[in-house]
>>> print(open('structure_1.txt').read())   # compact mmCIF, C-alpha atoms
# COMPACT_ATOMS: atom_id res chain seq x y z
CA MET A 1 14.96 4.48 -24.92
CA LYS A 2 11.46 4.65 -23.45
CA ILE A 3 10.66 4.57 -19.74
CA ARG A 4 7.17 4.01 -18.38
CA VAL A 5 6.38 6.38 -15.54
CA LEU A 6 3.43 5.92 -13.16
CA PHE A 7 1.83 8.24 -10.61
CA PHE A 8 -0.24 7.23 -7.60
CA SER A 9 -2.58 8.76 -5.06
CA VAL A 10 -2.39 12.53 -4.49
CA LEU A 11 0.35 12.86 -7.11
CA ARG A 12 -2.20 12.24 -9.84
CA ASP A 13 -4.14 15.30 -8.77
CA TYR A 14 -1.04 17.38 -9.33
CA VAL A 15 0.26 15.92 -12.60
CA LYS A 16 -3.22 15.03 -13.89
CA LEU A 17 -1.94 11.74 -15.31
CA ARG A 18 -1.93 8.12 -14.25
CA GLU A 19 1.02 7.22 -16.41
CA MET A 20 3.25 8.44 -19.23
CA VAL A 21 6.21 7.37 -21.35
CA LEU A 22 9.45 9.37 -21.24
CA GLU A 23 12.05 9.15 -23.97
CA PHE A 24 15.81 9.23 -23.32
CA ASN A 25 18.73 8.99 -25.77
CA ASP A 26 20.73 6.65 -23.52
CA SER A 27 20.03 4.68 -20.38
CA PRO A 28 19.33 7.42 -17.81
CA LEU A 29 20.17 7.41 -14.14
CA LEU A 30 17.19 7.33 -11.80
CA ALA A 31 18.17 10.91 -10.88
CA ASP A 32 17.76 11.92 -14.57
CA VAL A 33 14.27 10.43 -14.70
CA ILE A 34 13.30 12.25 -11.50
CA SER A 35 14.73 15.56 -12.79
CA LYS A 36 12.80 15.22 -16.03
CA VAL A 37 9.54 14.46 -14.24
CA TYR A 38 9.97 17.44 -11.89
CA ALA A 39 10.83 19.68 -14.87
CA LEU A 40 7.63 18.58 -16.59
CA PHE A 41 5.55 18.84 -13.41
CA PRO A 42 6.86 21.58 -11.13
CA GLU A 43 3.59 21.16 -9.23
CA LEU A 44 5.30 18.24 -7.45
CA ASN A 45 7.51 20.77 -5.66
CA GLU A 46 4.37 22.39 -4.27
CA LEU A 47 3.31 19.06 -2.84
CA GLU A 48 6.71 18.62 -1.18
CA ARG A 49 6.52 22.15 0.24
CA ARG A 50 3.31 21.00 1.89
CA GLY A 51 5.35 18.32 3.66
CA ILE A 52 4.39 15.35 1.48
CA LYS A 53 7.40 13.15 0.69
CA ILE A 54 7.60 11.72 -2.80
CA TYR A 55 9.39 8.46 -3.58
CA ALA A 56 10.45 7.14 -6.99
CA LEU A 57 10.42 3.34 -7.11
CA VAL A 58 11.97 1.27 -9.88
CA ASN A 59 9.94 -1.87 -10.51
CA GLY A 60 8.37 -1.45 -7.08
CA GLU A 61 11.65 -1.05 -5.19
CA ALA A 62 13.66 1.85 -3.81
CA LYS A 63 16.93 2.30 -5.73
CA PRO A 64 19.88 4.69 -5.36
CA MET A 65 19.90 7.88 -7.43
CA ASN A 66 22.79 6.53 -9.53
CA TYR A 67 20.84 3.40 -10.52
CA ILE A 68 20.96 3.01 -14.30
CA VAL A 69 17.41 2.64 -15.57
CA LYS A 70 17.14 -0.20 -18.06
CA PRO A 71 14.77 -0.78 -20.98
CA GLY A 72 11.55 -2.23 -19.59
CA ASP A 73 12.02 -0.71 -16.15
CA GLU A 74 9.02 1.07 -14.68
CA VAL A 75 9.42 4.14 -12.47
CA ALA A 76 6.54 4.85 -10.07
CA PHE A 77 6.16 8.12 -8.17
CA ILE A 78 4.31 7.57 -4.89
CA PRO A 79 3.60 9.37 -1.61
CA PRO A 80 3.99 7.48 1.71
CA VAL A 81 1.80 4.36 1.50
CA SER A 82 -1.48 4.11 3.41
CA GLY A 83 -2.59 0.51 3.64
CA GLY A 84 -4.74 -0.85 6.41
CA MET B 1 1.56 -21.61 6.19
CA TYR B 2 1.58 -18.02 5.01
CA VAL B 3 -0.80 -16.03 2.81
CA GLY B 4 -0.58 -12.45 1.54
CA LYS B 5 -3.40 -11.45 -0.77
CA ILE B 6 -5.24 -8.46 -2.19
CA THR B 7 -8.95 -9.26 -2.38
CA ARG B 8 -12.33 -7.85 -3.41
CA GLY B 9 -14.44 -10.74 -2.19
CA ASP B 10 -15.83 -11.97 1.08
CA ILE B 11 -13.94 -14.08 3.58
CA ASP B 12 -15.53 -16.62 5.91
CA LEU B 13 -13.81 -15.72 9.18
CA ASN B 14 -15.16 -18.77 11.00
CA LYS B 15 -13.67 -21.06 8.39
CA LEU B 16 -10.40 -19.14 8.44
CA VAL B 17 -10.08 -19.58 12.20
CA GLU B 18 -11.18 -23.22 12.02
CA ASP B 19 -8.53 -23.93 9.39
CA ILE B 20 -5.78 -22.32 11.44
CA ALA B 21 -6.98 -24.00 14.65
CA LYS B 22 -6.40 -27.42 13.08
CA SER B 23 -2.72 -26.95 13.87
CA ALA B 24 -3.52 -26.96 17.62
CA GLU B 25 -2.67 -30.66 17.49
CA GLU B 26 0.86 -29.67 16.56
CA GLY B 27 1.30 -27.46 19.61
CA ILE B 28 -0.33 -24.21 18.55
CA GLY B 29 -2.12 -22.62 21.50
CA ALA B 30 -3.08 -19.11 20.34
CA ILE B 31 -4.65 -17.39 17.36
CA ALA B 32 -4.54 -13.59 17.22
CA LEU B 33 -6.86 -11.88 14.78
CA PHE B 34 -6.92 -8.27 13.58
CA ILE B 35 -9.84 -6.90 11.58
CA GLY B 36 -9.64 -3.39 10.20
CA VAL B 37 -12.89 -1.65 9.25
CA VAL B 38 -13.82 1.69 7.67
CA LYS B 39 -14.63 4.20 10.40
CA GLY B 40 -17.69 6.42 9.92
CA VAL B 41 -16.45 9.66 11.49
CA VAL B 42 -13.11 11.47 11.11
CA ASP B 43 -12.46 14.87 12.70
CA GLY B 44 -16.21 15.21 13.30
CA ASP B 45 -16.87 14.73 9.59
CA LYS B 46 -19.13 11.96 8.25
CA VAL B 47 -17.22 9.37 6.18
CA PHE B 48 -18.95 7.51 3.33
CA SER B 49 -16.21 5.14 2.17
CA LEU B 50 -12.55 4.46 1.52
CA LEU B 51 -11.35 3.91 -2.02
CA TYR B 52 -8.28 1.69 -2.12
CA GLU B 53 -5.81 1.26 -4.92
CA GLU B 54 -2.79 -1.02 -4.92
CA TYR B 55 0.34 -1.00 -7.05
CA GLU B 56 0.57 -4.46 -8.52
CA PRO B 57 2.33 -6.85 -8.70
CA TYR B 58 4.38 -5.25 -5.91
CA ALA B 59 1.58 -4.93 -3.34
CA THR B 60 0.84 -8.66 -3.43
CA ARG B 61 4.55 -9.51 -3.41
CA LYS B 62 5.09 -7.32 -0.33
CA LEU B 63 2.11 -8.83 1.52
CA GLU B 64 3.46 -12.31 0.76
CA SER B 65 6.94 -11.32 1.86
CA ILE B 66 5.71 -9.88 5.18
CA ALA B 67 3.60 -13.00 5.84
CA SER B 68 6.47 -15.32 4.91
CA ASP B 69 8.97 -13.37 6.99
CA LEU B 70 6.80 -13.33 10.12
CA SER B 71 5.69 -16.95 9.77
CA SER B 72 9.33 -18.03 10.03
CA ARG B 73 9.64 -16.54 13.53
CA LYS B 74 10.28 -18.84 16.45
CA GLY B 75 7.00 -20.05 17.94
CA VAL B 76 4.88 -18.74 15.04
CA ARG B 77 3.15 -21.09 12.65
CA ASP B 78 0.68 -19.37 10.32
CA VAL B 79 0.45 -15.75 9.16
CA LEU B 80 -2.44 -14.87 6.89
CA ILE B 81 -2.92 -11.35 5.52
CA TYR B 82 -5.88 -10.31 3.37
CA HIS B 83 -6.16 -6.67 2.26
CA TRP B 84 -9.20 -5.39 0.42
CA THR B 85 -9.11 -3.09 -2.59
CA GLY B 86 -11.68 -0.97 -4.40
CA GLU B 87 -14.41 0.92 -2.55
CA ARG B 88 -15.15 -0.10 1.05
CA LYS B 89 -18.09 1.46 2.85
CA VAL B 90 -18.33 2.36 6.54
CA GLY B 91 -18.24 -0.77 8.70
CA GLU B 92 -16.87 -2.96 5.92
CA ILE B 93 -13.68 -4.91 6.44
CA THR B 94 -10.49 -3.49 4.92
CA VAL B 95 -7.88 -5.88 6.26
CA VAL B 96 -7.76 -9.22 8.08
CA ILE B 97 -4.58 -10.55 9.66
CA ALA B 98 -4.48 -13.86 11.50
CA VAL B 99 -1.46 -15.24 13.34
CA SER B 100 -1.18 -18.60 15.05
CA ALA B 101 1.60 -19.34 17.51
CA VAL B 102 2.57 -21.54 20.42
CA GLY B 103 1.35 -18.94 22.90
CA ARG B 104 -0.39 -15.58 23.22
CA LYS B 105 2.80 -13.54 23.52
CA GLU B 106 4.21 -14.71 20.18
CA ALA B 107 0.81 -14.45 18.49
CA ILE B 108 -0.03 -10.94 19.71
CA GLU B 109 3.45 -9.47 19.17
CA THR B 110 3.67 -10.90 15.68
CA LEU B 111 0.17 -9.66 14.85
CA ALA B 112 1.08 -6.14 16.02
CA GLU B 113 4.18 -6.14 13.85
CA ALA B 114 2.24 -7.46 10.86
CA ILE B 115 -0.26 -4.59 11.11
CA GLU B 116 2.50 -1.98 11.30
CA ARG B 117 4.35 -3.47 8.35
CA VAL B 118 1.21 -3.66 6.21
CA LYS B 119 0.53 0.01 6.92
CA LYS B 120 4.09 1.17 6.24
CA GLU B 121 5.53 -1.11 3.56
CA VAL B 122 2.85 -2.21 1.11
CA PRO B 123 2.20 0.07 -1.89
CA ILE B 124 -1.48 0.59 -1.21
CA PHE B 125 -3.13 4.03 -1.30
CA LYS B 126 -6.51 5.28 -0.17
CA LEU B 127 -8.94 8.10 -0.74
CA GLU B 128 -11.39 8.96 2.03
CA ARG B 129 -14.80 10.06 0.79
CA ARG B 130 -16.36 12.40 3.37
CA GLU B 131 -19.30 14.76 3.59
CA SER B 132 -16.95 17.73 3.25
CA GLY B 133 -15.13 16.27 0.22
CA ASP B 134 -12.56 13.67 -0.78
CA TYR B 135 -9.26 13.39 1.07
CA TRP B 136 -6.11 11.48 0.13
CA ILE B 137 -4.72 9.69 3.15
CA ILE B 138 -0.94 9.99 3.09
CA GLY B 139 1.09 7.64 5.27
CA ASP B 140 -0.50 6.89 8.60
CA GLY B 141 -2.91 9.79 8.88
CA THR B 142 -2.00 12.98 7.01
CA ARG B 143 -4.96 14.06 4.89
CA VAL B 144 -4.82 16.19 1.76
CA LYS B 145 -8.10 17.42 0.33
CA ARG B 146 -8.56 16.42 -3.27
CA LYS B 147 -8.15 19.23 -5.75
>>> encode(input="structure_1.txt", output="structure tokens")
Amino acid sequence: MKIRVLFFSVLRDYVKLREMVLEFNDSPLLADVISKVYALFPELNELERRGIKIYALVNGEAKPMNYIVKPGDEVAFIPPVSGG
Amino acid sequence: MYVGKITRGDIDLNKLVEDIAKSAEEGIGAIALFIGVVKGVVDGDKVFSLLYEEYEPYATRKLESIASDLSSRKGVRDVLIYHWTGERKVGEITVVIAVSAVGRKEAIETLAEAIERVKKEVPIFKLERRESGDYWIIGDGTRVKRK
């Protein structure tokens, strides 16, 4: 199963990507998607050490870590928003 | 009426206020207006522009939801929120929020809440282009220099 993953703002500087597709054998938990992204991009830990929080949204919404990601879901990694 | 929109174009503020003021006949006595602009100096450093990016369709949905939510408050009639995207130069408008209500208290309090919610809830991000380099603005003010 393929999951579309997006990165916004300062996160793009660290992962050097706007988006990617991750492949899983079964429907992963949101926690599995996050673990895989952090394994691929340990640079994200550096950002968190600098005090920047990172959120993983599913289809634009916060979900619990045990949320089962479904085909067609989109997971976006974002820092705190900065509208206005 | 409520509006929550991401825009790149111009807005006629006089017309916007005139349109909202039409509801005065129905008992509306106050219109509160917030206009955000790009500031030209930050930490003593010259700013050239802000580069906005939104996460769609969720940014528009959230703007609409905030406007809808606040417009249903007691004493409030209209809540209109327009947020610009793309590059905005110093002095250019970045956000316009207009609230009409029965009186000034309801209008001003609702406007203040609308501004806070737009800043904290809508998936919009910005890059500040300054003389000393580009800085990501994280949350309500933390700046991280672009790598």
>>> residues_around(input="structure_1.txt", residues="B:Tyr135", least_positions_apart="3", cutoff="9 Å", atoms="all atoms listed in the file", output="PyMOL selection string")
(chain A and resi 10) or (chain B and resi 126-130+143-146)
>>> interface_residues(input="structure_1.txt", of="chain B", to="chain A", cutoff="7 Å", atoms="only C-alpha atoms", output="ChimeraX atom specification")
/B:36,58,94-95,118-126,136-140,147
>>> residues_around(input="structure_1.txt", residues="B:Val37", least_positions_apart="6", cutoff="10 Å", atoms="all atoms listed in the file", output="PDB file with C-alpha atoms, keeping the file's coordinate frame")
ATOM      1  CA  GLY A  84      -4.740  -0.850   6.410  1.00  0.00           C
TER       2      GLY A  84
ATOM      3  CA  LEU B  50     -12.550   4.460   1.520  1.00  0.00           C
ATOM      4  CA  ARG B  88     -15.150  -0.100   1.050  1.00  0.00           C
ATOM      5  CA  LYS B  89     -18.090   1.460   2.850  1.00  0.00           C
ATOM      6  CA  VAL B  90     -18.330   2.360   6.540  1.00  0.00           C
ATOM      7  CA  GLY B  91     -18.240  -0.770   8.700  1.00  0.00           C
ATOM      8  CA  GLU B  92     -16.870  -2.960   5.920  1.00  0.00           C
ATOM      9  CA  ILE B  93     -13.680  -4.910   6.440  1.00  0.00           C
ATOM     10  CA  THR B  94     -10.490  -3.490   4.920  1.00  0.00           C
ATOM     11  CA  VAL B  95      -7.880  -5.880   6.260  1.00  0.00           C
ATOM     12  CA  VAL B  96      -7.760  -9.220   8.080  1.00  0.00           C
TER      13      VAL B  96
END
>>> atom_distance(input="structure_1.txt", atom1="atom CA of B:Gly9", atom2="atom CA of B:Ala67")
19.9 Å
>>> atom_distance(input="structure_1.txt", atom1="atom CA of A:Glu19", atom2="atom CA of A:Leu40")
13.1 Å
>>> axis_aligned_box(input="structure_1.txt", around="stretch 35-39 of chain A", padding_each_side="5 Å", output="JSON")
{"center_x": 12.1, "center_y": 17.1, "center_z": -14.0, "size_x": 15.2, "size_y": 15.2, "size_z": 14.1}
>>> closest_residue(input="structure_1.txt", among="A:Arg49, A:Lys2, A:Lys63, A:Arg12", to="A:Pro28", atoms="all atoms listed in the file")
A:Lys2
>>> residues_around(input="structure_1.txt", residues="B:Ala21", least_positions_apart="6", cutoff="12 Å", atoms="all atoms listed in the file", output="PyMOL selection string")
chain B and resi 14-15+27-32+77-78+98-102
>>> residues_around(input="structure_1.txt", residues="A:Tyr67", least_positions_apart="2", cutoff="7 Å", atoms="all atoms listed in the file", output="PDB file with C-alpha atoms, in the frame of the given file")
ATOM      1  CA  LEU A  29      20.170   7.410 -14.140  1.00  0.00           C
ATOM      2  CA  LEU A  30      17.190   7.330 -11.800  1.00  0.00           C
ATOM      3  CA  LYS A  63      16.930   2.300  -5.730  1.00  0.00           C
ATOM      4  CA  PRO A  64      19.880   4.690  -5.360  1.00  0.00           C
ATOM      5  CA  MET A  65      19.900   7.880  -7.430  1.00  0.00           C
ATOM      6  CA  VAL A  69      17.410   2.640 -15.570  1.00  0.00           C
TER       7      VAL A  69
END
>>> residues_around(input="structure_1.txt", residues="A:Asp26", least_positions_apart="2", cutoff="12 Å", atoms="all atoms listed in the file", output="VMD selection string")
chain A and resid 1 to 3 22 to 24 28 to 29 32 to 33 68 to 71
>>> atom_distance(input="structure_1.txt", atom1="atom CA of A:Ala31", atom2="atom CA of A:Glu74")
14.0 Å
>>> closest_residue(input="structure_1.txt", among="B:Tyr2, B:Thr85, B:Ala114, B:Leu13", to="B:Glu56", atoms="only C-alpha atoms")
B:Thr85
>>> closest_residue(input="structure_1.txt", among="A:Val5, A:Asp73, A:Asn25, A:Leu17", to="A:Val37", atoms="only C-alpha atoms")
A:Val5
>>> decode(input="structure_1.txt", residues="stretch 83-118 of chain B", atoms="N, CA and C atoms", output="mmCIF file, in the first residue's frame")
data_model
loop_
_atom_site.group_PDB
_atom_site.id
_atom_site.type_symbol
_atom_site.label_atom_id
_atom_site.label_comp_id
_atom_site.auth_asym_id
_atom_site.auth_seq_id
_atom_site.Cartn_x
_atom_site.Cartn_y
_atom_site.Cartn_z
ATOM 1 N N HIS B 83 -7.066 35.686 3.385
ATOM 2 C CA HIS B 83 -5.629 35.544 3.667
ATOM 3 C C HIS B 83 -4.884 35.431 2.345
ATOM 4 N N TRP B 84 -3.862 36.249 2.207
ATOM 5 C CA TRP B 84 -3.106 36.224 0.946
ATOM 6 C C TRP B 84 -2.099 35.094 0.937
ATOM 7 N N THR B 85 -1.716 34.675 -0.284
ATOM 8 C CA THR B 85 -0.668 33.681 -0.446
ATOM 9 C C THR B 85 0.319 34.179 -1.495
ATOM 10 N N GLY B 86 1.423 33.442 -1.653
ATOM 11 C CA GLY B 86 2.457 33.872 -2.594
ATOM 12 C C GLY B 86 3.347 34.921 -1.946
ATOM 13 N N GLU B 87 4.045 35.684 -2.777
ATOM 14 C CA GLU B 87 4.988 36.676 -2.228
ATOM 15 C C GLU B 87 4.293 38.010 -1.960
ATOM 16 N N ARG B 88 4.469 38.531 -0.753
ATOM 17 C CA ARG B 88 3.906 39.830 -0.366
ATOM 18 C C ARG B 88 5.048 40.734 0.065
ATOM 19 N N LYS B 89 5.124 41.893 -0.562
ATOM 20 C CA LYS B 89 6.216 42.823 -0.278
ATOM 21 C C LYS B 89 5.874 43.728 0.921
ATOM 22 N N VAL B 90 6.886 44.412 1.420
ATOM 23 C CA VAL B 90 6.704 45.282 2.587
ATOM 24 C C VAL B 90 5.565 46.273 2.338
ATOM 25 N N GLY B 91 4.671 46.373 3.296
ATOM 26 C CA GLY B 91 3.533 47.294 3.178
ATOM 27 C C GLY B 91 2.322 46.678 2.513
ATOM 28 N N GLU B 92 2.491 45.531 1.871
ATOM 29 C CA GLU B 92 1.334 44.902 1.227
ATOM 30 C C GLU B 92 0.504 44.137 2.260
ATOM 31 N N ILE B 93 -0.771 44.031 1.940
ATOM 32 C CA ILE B 93 -1.708 43.359 2.856
ATOM 33 C C ILE B 93 -1.501 41.844 2.831
ATOM 34 N N THR B 94 -1.536 41.242 4.029
ATOM 35 C CA THR B 94 -1.402 39.779 4.114
ATOM 36 C C THR B 94 -2.704 39.122 4.570
ATOM 37 N N VAL B 95 -3.467 39.853 5.374
ATOM 38 C CA VAL B 95 -4.737 39.294 5.844
ATOM 39 C C VAL B 95 -5.725 40.427 6.133
ATOM 40 N N VAL B 96 -6.985 40.172 5.799
ATOM 41 C CA VAL B 96 -8.067 41.105 6.139
ATOM 42 C C VAL B 96 -9.152 40.306 6.855
ATOM 43 N N ILE B 97 -9.542 40.794 8.011
ATOM 44 C CA ILE B 97 -10.656 40.168 8.741
ATOM 45 C C ILE B 97 -11.659 41.260 9.086
ATOM 46 N N ALA B 98 -12.905 41.034 8.729
ATOM 47 C CA ALA B 98 -13.965 41.995 9.050
ATOM 48 C C ALA B 98 -15.065 41.287 9.827
ATOM 49 N N VAL B 99 -15.497 41.916 10.895
ATOM 50 C CA VAL B 99 -16.567 41.348 11.727
ATOM 51 C C VAL B 99 -17.636 42.411 11.946
ATOM 52 N N SER B 100 -18.881 42.055 11.687
ATOM 53 C CA SER B 100 -19.972 42.977 12.030
ATOM 54 C C SER B 100 -20.776 42.376 13.164
ATOM 55 N N ALA B 101 -21.242 43.270 14.045
ATOM 56 C CA ALA B 101 -21.972 42.789 15.228
ATOM 57 C C ALA B 101 -22.930 43.878 15.713
ATOM 58 N N VAL B 102 -23.736 43.516 16.700
ATOM 59 C CA VAL B 102 -24.704 44.493 17.207
ATOM 60 C C VAL B 102 -24.011 45.669 17.887
ATOM 61 N N GLY B 103 -22.855 45.423 18.483
ATOM 62 C CA GLY B 103 -22.143 46.503 19.168
ATOM 63 C C GLY B 103 -20.641 46.308 19.117
ATOM 64 N N ARG B 104 -19.903 47.312 19.612
ATOM 65 C CA ARG B 104 -18.442 47.283 19.489
ATOM 66 C C ARG B 104 -17.800 46.138 20.272
ATOM 67 N N LYS B 105 -18.371 45.826 21.441
ATOM 68 C CA LYS B 105 -17.780 44.788 22.280
ATOM 69 C C LYS B 105 -17.756 43.447 21.530
ATOM 70 N N GLU B 106 -18.904 43.057 21.009
ATOM 71 C CA GLU B 106 -18.995 41.779 20.285
ATOM 72 C C GLU B 106 -18.088 41.788 19.054
ATOM 73 N N ALA B 107 -18.076 42.934 18.351
ATOM 74 C CA ALA B 107 -17.288 43.022 17.111
ATOM 75 C C ALA B 107 -15.786 42.913 17.401
ATOM 76 N N ILE B 108 -15.332 43.685 18.395
ATOM 77 C CA ILE B 108 -13.883 43.728 18.672
ATOM 78 C C ILE B 108 -13.404 42.415 19.294
ATOM 79 N N GLU B 109 -14.174 41.853 20.204
ATOM 80 C CA GLU B 109 -13.765 40.585 20.833
ATOM 81 C C GLU B 109 -13.730 39.449 19.810
ATOM 82 N N THR B 110 -14.718 39.432 18.943
ATOM 83 C CA THR B 110 -14.753 38.372 17.930
ATOM 84 C C THR B 110 -13.613 38.555 16.931
ATOM 85 N N LEU B 111 -13.328 39.793 16.582
ATOM 86 C CA LEU B 111 -12.216 40.071 15.663
ATOM 87 C C LEU B 111 -10.899 39.582 16.277
ATOM 88 N N ALA B 112 -10.693 39.902 17.561
ATOM 89 C CA ALA B 112 -9.446 39.494 18.224
ATOM 90 C C ALA B 112 -9.304 37.974 18.218
ATOM 91 N N GLU B 113 -10.412 37.282 18.471
ATOM 92 C CA GLU B 113 -10.339 35.822 18.477
ATOM 93 C C GLU B 113 -10.072 35.273 17.072
ATOM 94 N N ALA B 114 -10.683 35.910 16.082
ATOM 95 C CA ALA B 114 -10.482 35.469 14.698
ATOM 96 C C ALA B 114 -9.002 35.573 14.317
ATOM 97 N N ILE B 115 -8.367 36.661 14.681
ATOM 98 C CA ILE B 115 -6.945 36.844 14.344
ATOM 99 C C ILE B 115 -6.109 35.742 14.998
ATOM 100 N N GLU B 116 -6.352 35.511 16.289
ATOM 101 C CA GLU B 116 -5.584 34.477 16.997
ATOM 102 C C GLU B 116 -5.786 33.106 16.358
ATOM 103 N N ARG B 117 -7.023 32.806 16.016
ATOM 104 C CA ARG B 117 -7.298 31.475 15.437
ATOM 105 C C ARG B 117 -6.680 31.327 14.055
ATOM 106 N N VAL B 118 -6.689 32.396 13.268
ATOM 107 C CA VAL B 118 -6.053 32.329 11.940
ATOM 108 C C VAL B 118 -4.556 32.067 12.104
#
